[in-house]
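I have placed the structure first, in the form of structure tokens, so that the comments after it can refer back to it.
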Amino acid sequence: MKHVIEQAVKDAIATLGITESRCVVEYPADESHGDLSTNAALVHAKELGQSPRAVAEALLPHLTAALPMVANITIAGPGFINFTLSRAVFTKTVTTVIQDPQTWGKNSSLTGKTVIVEYTDPNPFKEFHIGHLFTNAVGESIARLFMVNGASVKRVNYQGDVGLHVAHAVYGMQALGLSPTAGFTARDLGRAYAYGATAYKNEETVAVTIRDINRHIYARDNQDINELYDAGRRVSLEYFETVYKLVGTVFDDYFFESETGPRGKALVLEHPSVFPKSDGARIFPGEDYGLHTRVFLNHEDLPTYEAKELALAKIKEERLGNYDHSIISTSNEINEYFKVLLCALSQIYPDLANKTEHIGHGTVRLTTGKMSSRTGDVIAAIDFINEVADAALERMIATGSAAPDRTVAEMVAIGAIKYTALHGSILQDSVFDKDRALSFEGDSGPYLQYTHARIGSVLEKAAGVGVTPSTSTPPPVPYPVERLLRAFPEILETALHERAPHQVVTYLTALASAFNAFYATERIADADDKCAPYKAAVASAVQTTLKNGLWVLGIPAPERM
RNA sequence: GCCCCCAUAGCUUAAUGGAUAAAGCCGCGGACUUCUAAGCCGUUGAUCUAGGUUCGAUUCCUGGUGGGGGCACCA
């Protein structure tokens with residue numbers, strides 16, 4: 001519909017002798033300004049030497065003739081042209097949604113394209129904390145946005161199972177007496193890491209020992225260290241899987257620094273002119289490109305994260321096949337680093353560098369400041385999910401919920417947490433507000449889930465009195481909630497193009513709000529109301545939109561709560 | 001010191017260069033005695049600062065202030 005009007009506006013402007021226009025057709029924020037609006041007259045008034053309103057008057061007859069599905073066209077304000085769509089347009093949208101709920105919102109603009117999305121990227125041996133929860137929610141929603149726009153998506157997780165941080169943990173394991181035979185937990189590993197990291201920083205003799213452990217881990221030439229390492233890695237990765245299961249992420253493949261390390265080192269050595277020697281290390285001179293210099297191989301010839309990342313791009317292609325686009329979503333703390341890295345990558349694999357995109361999302365901070373797994377000042381993801389789920393279950397029991405069970409409580413918890421992570425621009429840093437995440441009222445995941453469940457309930461009740469969804473007898477004036485409904489497919493497109501899942505959150509919240517206002521004034525389960533079947537159809541269409549939209553956000557939509 | 005990012009209501013956040021800057025939380029006040037009150041309705045309250053571009057700037061440009069991140073062998 002929007003495209004039809006855009007074309008009509010373009011044609012109308014052409015009659016005035018203007019072929020190139022930067023005017024737009026948009027959805028006005030205020031519904032008194034119609035269903036669609038264009039600023040065409042404002043944009044071109046100056047070059048035509050007329051007032052904006054005069055230009056609008058001149059365009060009006062052309063637009064009226066070209067747009068039979070528009071009920072009314074008016075000129076308003078400084079010269080906006082506002083279009084009010086006919087009733088039939090809205091009825092058609094509701095009909096479309098209820099006839100084919102599965103495909104509602106989807107498009108095929110990226111059909112045939114393969115996109116790799118890398119996200120979460122926790123480091124084994126360290127705690128999986130709420131920051132990882134945030135990065136996971138962002139990556140998952142980006143992946144799903146690609147899917148609803150038609151792309152084939154491969155989810156990928158890249159984990160740092162070698163490197164100095166692991167040596168810190170292994171040192172800590174030795175010092176704290178963790179033993180593979182006696183058994184230990186992921187939590188013990190987190191403590192071991194914090195212990196080792198602190199000792200590394202404070203005592204030079206320990207630092208020497210840890211660097212030694214680091215060499216042994218890479219070389220795998222010390223049996224005691226190998227045993228500790230292997231056990232720690234396994235416990236850590238198993239623990240991560242329990243979190244992925246809770247948040248609903250299924251990775252297609254996992255990559256590890258232990259495999260990218262040797263390949264990365266080889267790549268650096270194969271390109272000595274790109275990575276010259278400096279102070280015993282191999283570096284990339286980013287200054288030559290307006291960036292900064294970074295070390296790729298340290299003076300012990302061990303690959304740094306930078307060298308590993310070079311190899312990762314190639315290994316992804318080898319394992320997953322040729323791809324069209326590759327997203328790497330991480331915290332914005334490493335934005336500058338990534339610019340250097342992509343620059344270096346473009347020197348050795350220009351084709352891969354061209355289709356690799358880094359999304360540096362905001363960092364989660366505690367009210368007390370930045371989290372640090374080095375000092376152990378983190379909130380473990382699993383603890384937090386459980387705490388929110390406990391609160392949700394408590395509330396269900398207290399309010400006499402239709403479905404007071406732990407599984408639904410966990411769905412609500414995941415909804416609350418993901419909503420908190422995604423409700424604002426993902427690029428901005430955010431302060432982690434526990435009370436807000438624990439609140440299930442107002443703009444929140446549970447608000448959307450509740451609205452979805454509530455619709456299910458009322459539709460059931462309606463069916464019980466013989467009211468089933470039908471669009472055959474609509475009331476003459478569309479309900480406000482119907483006006484929101486039709487924007488959904490377009491929201492999914494722009495949210496992807498702008499890498500902005502929060503647009504989906506904002507939209508769904510507005511939709512739920514409009515529905516709840518509708519629900520408060522209109523009775524649906526009423527066999528005596530001729531419009532009841534149409535109201536039920538609207539309710540059903542909203543429910544489908546919420547369900548499909550929540551899916552994009554990675555938020556489960558329980559049938560009852 | 002150099003580079004990058006950010007600044008909207010007491011708090012958390014919206015707003016493709018457009019019309020009266022929009023929500024939620026908090027506070028205050030209502031309705032409902034009938035479909036799930038995790039709901040609905042009303043109400044107080046904001047664009048860091050000085051310029052510039054534009055018919056029009058929260059949005060784009062420049063300076064300033066304040067905050068965050070990065071800048072050689074961590075990731």
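Ligands are numbered from 1 in the order shown, residues from 1 within each chain, and chains are lettered A, B, ... in the order they appear in the structure tokens.
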Check your understanding: Mind listing as a ChimeraX atom specification which residues of chain A are within 7 Å of chain B, counting only C-alpha atoms (C1' of nucleotides)?
Key -> /A:77,164,281,292,294-295,298-299,305,333,336,424,440-443,446-447,450,454,458,461,517,520,523-525
Quick one: residues within 8 Å of region 50-52 of chain B, only C-alpha atoms (C1' of nucleotides) counted, chain neighbours fewer than 2 positions away excluded, as a PDB file with N, CA and C atoms (P, O5', C5', C4', C3', O3' and C1' of nucleotides), in the first residue's frame?
ATOM      1  P     C B  61      27.222  15.011  11.623  1.00  0.00           P
ATOM      2  O5'   C B  61      27.741  16.449  11.191  1.00  0.00           O
ATOM      3  C5'   C B  61      28.351  16.658   9.935  1.00  0.00           C
ATOM      4  C4'   C B  61      28.863  18.073   9.854  1.00  0.00           C
ATOM      5  C3'   C B  61      29.713  18.512  11.039  1.00  0.00           C
ATOM      6  O3'   C B  61      31.058  18.102  10.912  1.00  0.00           O
ATOM      7  C1'   C B  61      28.099  20.167  10.589  1.00  0.00           C
ATOM      8  P     U B  62      31.925  17.850  12.240  1.00  0.00           P
ATOM      9  O5'   U B  62      32.194  19.331  12.763  1.00  0.00           O
ATOM     10  C5'   U B  62      33.053  20.204  12.035  1.00  0.00           C
ATOM     11  C4'   U B  62      33.180  21.515  12.761  1.00  0.00           C
ATOM     12  C3'   U B  62      33.534  21.412  14.247  1.00  0.00           C
ATOM     13  O3'   U B  62      34.917  21.206  14.472  1.00  0.00           O
ATOM     14  C1'   U B  62      31.764  22.951  13.974  1.00  0.00           C
ATOM     15  P     G B  63      35.386  20.487  15.816  1.00  0.00           P
ATOM     16  O5'   G B  63      35.164  21.611  16.913  1.00  0.00           O
ATOM     17  C5'   G B  63      36.042  22.735  16.963  1.00  0.00           C
ATOM     18  C4'   G B  63      35.565  23.720  17.995  1.00  0.00           C
ATOM     19  C3'   G B  63      35.468  23.201  19.420  1.00  0.00           C
ATOM     20  O3'   G B  63      36.722  23.133  20.078  1.00  0.00           O
ATOM     21  C1'   G B  63      33.532  24.451  18.908  1.00  0.00           C
ATOM     22  P     G B  64      36.914  22.049  21.246  1.00  0.00           P
ATOM     23  O5'   G B  64      35.933  22.568  22.392  1.00  0.00           O
ATOM     24  C5'   G B  64      36.211  23.786  23.064  1.00  0.00           C
ATOM     25  C4'   G B  64      35.126  24.085  24.066  1.00  0.00           C
ATOM     26  C3'   G B  64      34.935  23.030  25.153  1.00  0.00           C
ATOM     27  O3'   G B  64      35.874  23.163  26.202  1.00  0.00           O
ATOM     28  C1'   G B  64      32.831  23.651  24.282  1.00  0.00           C
TER      29        G B  64
END
Practice item. As a PyMOL selection string, list the residues of region 300-448 of chain A assigned to alpha helix (DSSP H) by DSSP on the backbone atoms of this structure. Key: chain A and resi 305-320+335-348+350-354+381-398+406-422+434-438+445-448
Go ahead and save the picked residues with C-alpha atoms, as a compact mmCIF listing (two decimals), in the first residue's frame.
# COMPACT_ATOMS: atom_id res chain seq x y z
CA TYR A 305 43.43 -12.94 19.47
CA GLU A 306 44.08 -10.85 16.36
CA ALA A 307 45.92 -13.61 14.49
CA LYS A 308 43.32 -16.16 15.51
CA GLU A 309 40.50 -14.02 14.16
CA LEU A 310 42.17 -13.86 10.73
CA ALA A 311 42.09 -17.62 10.49
CA LEU A 312 38.54 -17.83 11.82
CA ALA A 313 37.15 -16.04 8.76
CA LYS A 314 38.71 -18.65 6.48
CA ILE A 315 37.81 -21.63 8.66
CA LYS A 316 34.16 -20.53 8.70
CA GLU A 317 34.15 -20.66 4.92
CA GLU A 318 35.81 -24.08 4.85
CA ARG A 319 33.42 -25.62 7.35
CA LEU A 320 30.13 -23.90 6.49
CA ASN A 335 35.22 -1.77 18.15
CA GLU A 336 38.60 -0.15 17.54
CA TYR A 337 40.33 -3.46 17.64
CA PHE A 338 37.92 -4.81 15.03
CA LYS A 339 38.61 -1.97 12.64
CA VAL A 340 42.29 -2.90 12.69
CA LEU A 341 41.47 -6.55 12.34
CA LEU A 342 39.20 -6.09 9.31
CA CYS A 343 41.84 -3.86 7.75
CA ALA A 344 44.46 -6.58 8.20
CA LEU A 345 42.03 -9.20 6.91
CA SER A 346 41.42 -7.13 3.77
CA GLN A 347 45.15 -7.38 3.03
CA ILE A 348 45.17 -11.16 2.94
CA PRO A 350 39.88 -9.12 0.62
CA ASP A 351 36.80 -11.08 -0.45
CA LEU A 352 36.17 -12.32 3.09
CA ALA A 353 36.82 -8.91 4.64
CA ASN A 354 34.28 -7.35 2.30
CA ALA A 381 23.55 -15.83 34.03
CA ILE A 382 22.11 -19.02 35.44
CA ASP A 383 21.62 -17.49 38.89
CA PHE A 384 19.90 -14.52 37.45
CA ILE A 385 17.54 -16.52 35.22
CA ASN A 386 16.61 -18.64 38.23
CA GLU A 387 16.00 -15.62 40.39
CA VAL A 388 13.68 -14.05 37.83
CA ALA A 389 11.90 -17.37 37.26
CA ASP A 390 11.38 -17.74 41.02
CA ALA A 391 9.83 -14.29 41.15
CA ALA A 392 7.60 -15.10 38.18
CA LEU A 393 6.41 -18.36 39.73
CA GLU A 394 5.74 -16.64 43.03
CA ARG A 395 3.62 -14.10 41.26
CA MET A 396 1.70 -16.78 39.36
CA ILE A 397 0.82 -18.54 42.57
CA ALA A 398 -0.08 -15.30 44.35
CA ARG A 406 8.02 -23.74 36.54
CA THR A 407 8.33 -24.12 32.77
CA VAL A 408 6.05 -21.17 32.12
CA ALA A 409 7.84 -19.20 34.85
CA GLU A 410 11.11 -19.78 33.01
CA MET A 411 9.53 -18.58 29.76
CA VAL A 412 8.43 -15.43 31.53
CA ALA A 413 11.92 -14.98 32.99
CA ILE A 414 13.53 -15.31 29.56
CA GLY A 415 10.96 -12.88 28.17
CA ALA A 416 11.68 -10.35 30.91
CA ILE A 417 15.44 -10.60 30.46
CA LYS A 418 15.48 -10.49 26.67
CA TYR A 419 13.08 -7.58 26.60
CA THR A 420 15.36 -5.69 28.96
CA ALA A 421 18.31 -6.42 26.68
CA LEU A 422 16.54 -5.47 23.45
CA LYS A 434 17.82 -5.73 38.49
CA ASP A 435 14.58 -4.31 39.86
CA ARG A 436 13.45 -3.37 36.40
CA ALA A 437 14.20 -6.82 35.04
CA LEU A 438 12.30 -8.33 37.97
CA GLY A 445 8.50 -9.01 28.04
CA PRO A 446 5.80 -10.40 30.32
CA TYR A 447 3.44 -7.61 29.19
CA LEU A 448 3.72 -8.89 25.62
Review point. Running DSSP on the backbone, which parts of region 94-233 of chain A land in strand (DSSP E or B), as number ranges by chain?
Key: A: 114-118, 129, 152-159
Save the residues we just selected, C-alpha atoms, as a compact mmCIF listing (two decimals), in the first residue's frame?
# COMPACT_ATOMS: atom_id res chain seq x y z
CA THR A 114 23.47 -17.53 3.42
CA VAL A 115 24.41 -15.51 6.46
CA ILE A 116 26.68 -16.56 9.30
CA VAL A 117 25.94 -14.94 12.62
CA GLU A 118 28.55 -15.29 15.35
CA HIS A 129 27.45 -13.83 33.18
CA SER A 152 19.45 -19.04 5.42
CA VAL A 153 21.23 -18.46 8.73
CA LYS A 154 24.01 -20.38 10.41
CA ARG A 155 24.49 -19.60 14.09
CA VAL A 156 28.05 -19.80 15.27
CA ASN A 157 29.77 -19.57 18.62
CA TYR A 158 33.47 -18.80 18.93
CA GLN A 159 35.06 -19.63 22.23
Exercise for review: Would you work out the distance separating CA of Ala541 (chain A) from CA of Ser86 (chain A), expressed in Å to one decimal?
Suggested key: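 Pair CA of Ala541 (chain A) / CA of Ser86 (chain A) returns 19.0 Å.
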Exercise for review: Name the residues in contact with region 468-484 of chain A at a cut-off of 10 Å, using only C-alpha atoms (C1' of nucleotides), excluding same-chain residues fewer than 2 positions from it; report them as a ChimeraX atom specification.
Suggested key: /A:27,31,35,85-95,98,459-466,486-488,507-508,510-518,522,524-525,527,530-542
Keeping only C-alpha atoms, write those residues as a PDB file, in the first residue's frame.
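Saved to again-v9.pdb:
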ATOM      1  CA  TYR A  27       3.236   6.633   8.697  1.00  0.00           C
ATOM      2  CA  GLU A  31      -3.468   9.218  13.673  1.00  0.00           C
ATOM      3  CA  ASP A  35      -2.855   6.603   7.694  1.00  0.00           C
ATOM      4  CA  LEU A  85      -7.231   4.559   3.660  1.00  0.00           C
ATOM      5  CA  SER A  86     -10.579   2.935   3.027  1.00  0.00           C
ATOM      6  CA  ARG A  87     -12.054   0.395   5.428  1.00  0.00           C
ATOM      7  CA  ALA A  88     -11.457  -2.430   2.976  1.00  0.00           C
ATOM      8  CA  VAL A  89      -7.696  -2.007   3.178  1.00  0.00           C
ATOM      9  CA  PHE A  90      -7.698  -2.798   6.898  1.00  0.00           C
ATOM     10  CA  THR A  91     -10.121  -5.653   6.566  1.00  0.00           C
ATOM     11  CA  LYS A  92      -7.869  -7.160   3.957  1.00  0.00           C
ATOM     12  CA  THR A  93      -4.880  -7.063   6.303  1.00  0.00           C
ATOM     13  CA  VAL A  94      -6.761  -8.867   9.064  1.00  0.00           C
ATOM     14  CA  THR A  95      -7.960 -11.442   6.538  1.00  0.00           C
ATOM     15  CA  ILE A  98      -5.754 -15.051   9.934  1.00  0.00           C
ATOM     16  CA  LEU A 459     -10.769 -16.535  21.790  1.00  0.00           C
ATOM     17  CA  GLU A 460     -11.417 -19.816  23.563  1.00  0.00           C
ATOM     18  CA  LYS A 461     -14.222 -18.243  25.519  1.00  0.00           C
ATOM     19  CA  ALA A 462     -15.626 -16.701  22.333  1.00  0.00           C
ATOM     20  CA  ALA A 463     -15.571 -20.041  20.538  1.00  0.00           C
ATOM     21  CA  GLY A 464     -17.519 -21.455  23.472  1.00  0.00           C
ATOM     22  CA  VAL A 465     -20.424 -19.098  22.770  1.00  0.00           C
ATOM     23  CA  GLY A 466     -20.250 -19.613  19.024  1.00  0.00           C
ATOM     24  CA  ARG A 486      -0.362  -3.675   8.830  1.00  0.00           C
ATOM     25  CA  ALA A 487       3.060  -2.149   9.643  1.00  0.00           C
ATOM     26  CA  PHE A 488       4.498  -5.447  10.929  1.00  0.00           C
ATOM     27  CA  TYR A 507       6.318  -1.943  17.688  1.00  0.00           C
ATOM     28  CA  LEU A 508       5.057  -4.971  19.611  1.00  0.00           C
ATOM     29  CA  ALA A 510       2.606  -0.326  20.925  1.00  0.00           C
ATOM     30  CA  LEU A 511       0.534  -3.109  19.355  1.00  0.00           C
ATOM     31  CA  ALA A 512      -0.088  -4.817  22.693  1.00  0.00           C
ATOM     32  CA  SER A 513      -0.983  -1.501  24.256  1.00  0.00           C
ATOM     33  CA  ALA A 514      -3.465  -0.718  21.476  1.00  0.00           C
ATOM     34  CA  PHE A 515      -4.950  -4.172  21.786  1.00  0.00           C
ATOM     35  CA  ASN A 516      -5.371  -3.893  25.546  1.00  0.00           C
ATOM     36  CA  ALA A 517      -7.178  -0.597  25.089  1.00  0.00           C
ATOM     37  CA  PHE A 518      -9.419  -2.292  22.494  1.00  0.00           C
ATOM     38  CA  GLU A 522     -14.900  -4.004  23.186  1.00  0.00           C
ATOM     39  CA  ILE A 524     -15.422 -10.164  22.009  1.00  0.00           C
ATOM     40  CA  ALA A 525     -17.137 -13.232  23.449  1.00  0.00           C
ATOM     41  CA  ALA A 527     -22.912 -13.991  20.614  1.00  0.00           C
ATOM     42  CA  LYS A 530     -22.867  -8.800  14.952  1.00  0.00           C
ATOM     43  CA  CYS A 531     -19.338  -7.436  14.971  1.00  0.00           C
ATOM     44  CA  ALA A 532     -18.042  -9.999  17.475  1.00  0.00           C
ATOM     45  CA  PRO A 533     -16.629 -12.340  14.795  1.00  0.00           C
ATOM     46  CA  TYR A 534     -14.722  -9.432  13.313  1.00  0.00           C
ATOM     47  CA  LYS A 535     -13.396  -8.421  16.731  1.00  0.00           C
ATOM     48  CA  ALA A 536     -12.308 -12.005  17.255  1.00  0.00           C
ATOM     49  CA  ALA A 537     -10.544 -11.873  13.896  1.00  0.00           C
ATOM     50  CA  VAL A 538      -8.706  -8.705  14.958  1.00  0.00           C
ATOM     51  CA  ALA A 539      -7.759 -10.354  18.271  1.00  0.00           C
ATOM     52  CA  SER A 540      -6.507 -13.400  16.435  1.00  0.00           C
ATOM     53  CA  ALA A 541      -4.459 -11.286  14.031  1.00  0.00           C
ATOM     54  CA  VAL A 542      -2.886  -9.408  16.953  1.00  0.00           C
TER      55      VAL A 542
END
Point to revise | 12 Å contact set for Gln503 (chain A), only C-alpha atoms (C1' of nucleotides), chain neighbours under 2 positions out, as a ChimeraX atom specification | key: /A:141-142,145,419,422-426,487-501,505-510,549,552-553 /B:14-15
Could you dump the residues just selected with N, CA and C atoms (P, O5', C5', C4', C3', O3' and C1' of nucleotides) as a short mmCIF file (atom, residue, chain, number, x, y, z; two decimals), in the first residue's frame?
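Writing the result to part.cif gives the following:
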data_model
loop_
_atom_site.label_atom_id
_atom_site.label_comp_id
_atom_site.auth_asym_id
_atom_site.auth_seq_id
_atom_site.Cartn_x
_atom_site.Cartn_y
_atom_site.Cartn_z
N SER A 141 18.53 -12.33 18.05
CA SER A 141 17.50 -11.55 17.35
C SER A 141 17.98 -11.12 15.97
N ILE A 142 19.26 -10.83 15.83
CA ILE A 142 19.80 -10.49 14.50
C ILE A 142 19.67 -11.71 13.58
N LEU A 145 16.08 -12.08 12.59
CA LEU A 145 15.67 -11.04 11.64
C LEU A 145 16.10 -11.43 10.23
N TYR A 419 13.70 -8.88 26.86
CA TYR A 419 13.08 -7.58 26.60
C TYR A 419 13.98 -6.47 27.15
N LEU A 422 16.81 -5.91 24.82
CA LEU A 422 16.54 -5.47 23.45
C LEU A 422 15.63 -4.26 23.33
N HIS A 423 15.17 -3.71 24.42
CA HIS A 423 14.14 -2.67 24.30
C HIS A 423 14.70 -1.32 23.86
N GLY A 424 16.00 -1.13 23.97
CA GLY A 424 16.60 0.10 23.47
C GLY A 424 17.59 -0.24 22.37
N SER A 425 18.16 0.78 21.77
CA SER A 425 19.16 0.55 20.72
C SER A 425 20.26 -0.38 21.24
N ILE A 426 20.60 -1.39 20.46
CA ILE A 426 21.62 -2.34 20.92
C ILE A 426 23.00 -1.71 20.92
N ALA A 487 1.67 -2.60 9.74
CA ALA A 487 3.06 -2.15 9.64
C ALA A 487 4.06 -3.28 9.92
N PHE A 488 3.59 -4.39 10.47
CA PHE A 488 4.50 -5.45 10.93
C PHE A 488 5.55 -5.91 9.90
N PRO A 489 5.13 -6.28 8.68
CA PRO A 489 6.14 -6.76 7.72
C PRO A 489 7.23 -5.71 7.45
N GLU A 490 6.80 -4.46 7.38
CA GLU A 490 7.77 -3.41 7.10
C GLU A 490 8.74 -3.20 8.27
N ILE A 491 8.22 -3.35 9.49
CA ILE A 491 9.06 -3.23 10.68
C ILE A 491 10.17 -4.28 10.65
N LEU A 492 9.82 -5.49 10.25
CA LEU A 492 10.81 -6.56 10.22
C LEU A 492 11.90 -6.27 9.19
N GLU A 493 11.52 -5.59 8.12
CA GLU A 493 12.52 -5.23 7.11
C GLU A 493 13.45 -4.14 7.61
N THR A 494 12.89 -3.07 8.13
CA THR A 494 13.74 -1.96 8.56
C THR A 494 14.57 -2.35 9.78
N ALA A 495 14.01 -3.17 10.66
CA ALA A 495 14.77 -3.60 11.84
C ALA A 495 16.01 -4.36 11.41
N LEU A 496 15.89 -5.14 10.36
CA LEU A 496 17.07 -5.86 9.87
C LEU A 496 18.06 -4.90 9.23
N HIS A 497 17.57 -4.04 8.34
CA HIS A 497 18.48 -3.17 7.61
C HIS A 497 19.22 -2.22 8.53
N GLU A 498 18.56 -1.84 9.60
CA GLU A 498 19.21 -0.93 10.54
C GLU A 498 19.85 -1.68 11.70
N ARG A 499 19.82 -3.00 11.65
CA ARG A 499 20.39 -3.81 12.73
C ARG A 499 19.81 -3.35 14.06
N ALA A 500 18.51 -3.19 14.07
CA ALA A 500 17.86 -2.57 15.22
C ALA A 500 16.67 -3.39 15.72
N PRO A 501 16.94 -4.49 16.40
CA PRO A 501 15.83 -5.30 16.92
C PRO A 501 14.89 -4.52 17.84
N VAL A 505 10.66 -4.48 19.22
CA VAL A 505 10.18 -4.36 20.61
C VAL A 505 9.23 -3.18 20.74
N THR A 506 9.65 -2.04 20.21
CA THR A 506 8.83 -0.83 20.29
C THR A 506 7.48 -1.06 19.61
N TYR A 507 7.54 -1.68 18.44
CA TYR A 507 6.32 -1.94 17.69
C TYR A 507 5.38 -2.88 18.44
N LEU A 508 5.90 -3.99 18.93
CA LEU A 508 5.06 -4.97 19.61
C LEU A 508 4.44 -4.38 20.88
N THR A 509 5.21 -3.53 21.55
CA THR A 509 4.70 -2.91 22.77
C THR A 509 3.54 -1.98 22.44
N ALA A 510 3.68 -1.22 21.35
CA ALA A 510 2.61 -0.33 20.92
C ALA A 510 1.38 -1.15 20.50
N GLY A 549 6.31 -11.90 16.23
CA GLY A 549 7.24 -10.85 16.63
C GLY A 549 8.09 -11.29 17.82
N VAL A 552 10.88 -13.50 16.74
CA VAL A 552 12.03 -12.77 16.20
C VAL A 552 12.96 -12.32 17.34
N LEU A 553 12.35 -11.97 18.46
CA LEU A 553 13.15 -11.50 19.59
C LEU A 553 13.71 -12.65 20.42
P A B 14 16.70 3.62 23.05
"O5'" A B 14 15.23 3.63 22.44
"C5'" A B 14 14.61 4.86 22.16
"C4'" A B 14 13.26 4.59 21.60
"C3'" A B 14 12.99 5.38 20.32
"O3'" A B 14 13.31 4.61 19.18
"C1'" A B 14 11.36 5.93 21.93
P A B 15 14.17 5.28 18.03
"O5'" A B 15 13.26 6.48 17.50
"C5'" A B 15 12.00 6.20 16.89
"C4'" A B 15 11.26 7.51 16.70
"C3'" A B 15 12.04 8.58 15.93
"O3'" A B 15 11.89 8.43 14.53
"C1'" A B 15 11.12 9.52 17.91
#
Practice item. Mind checking which residues fall within 6 Å of Val431 (chain A), counting only C-alpha atoms (C1' of nucleotides), ignoring those fewer than 3 positions away in the same chain, and posting them as a ChimeraX atom specification? Key: /A:364-366
Exercise for review: Counting only C-alpha atoms, figure out which residue out of A:Ala143, A:Ala56, A:Ile379, A:Val504 gets nearest to Arg187 (chain A).
Suggested key: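 Of A:Ala143, A:Ala56, A:Ile379, A:Val504, the one nearest Arg187 (chain A) is A:Ile379, counting only C-alpha atoms.
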Check your understanding: In Å, how far is it from CA of Lys46 (chain A) to CA of Thr84 (chain A)?
Key ->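 Atom-to-atom, CA of Lys46 (chain A) to CA of Thr84 (chain A), that is 26.7 Å.
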Check your understanding: By how many Å are CA of Met561 (chain A) and CA of Ala403 (chain A) apart?
Key -> 5.2 Å
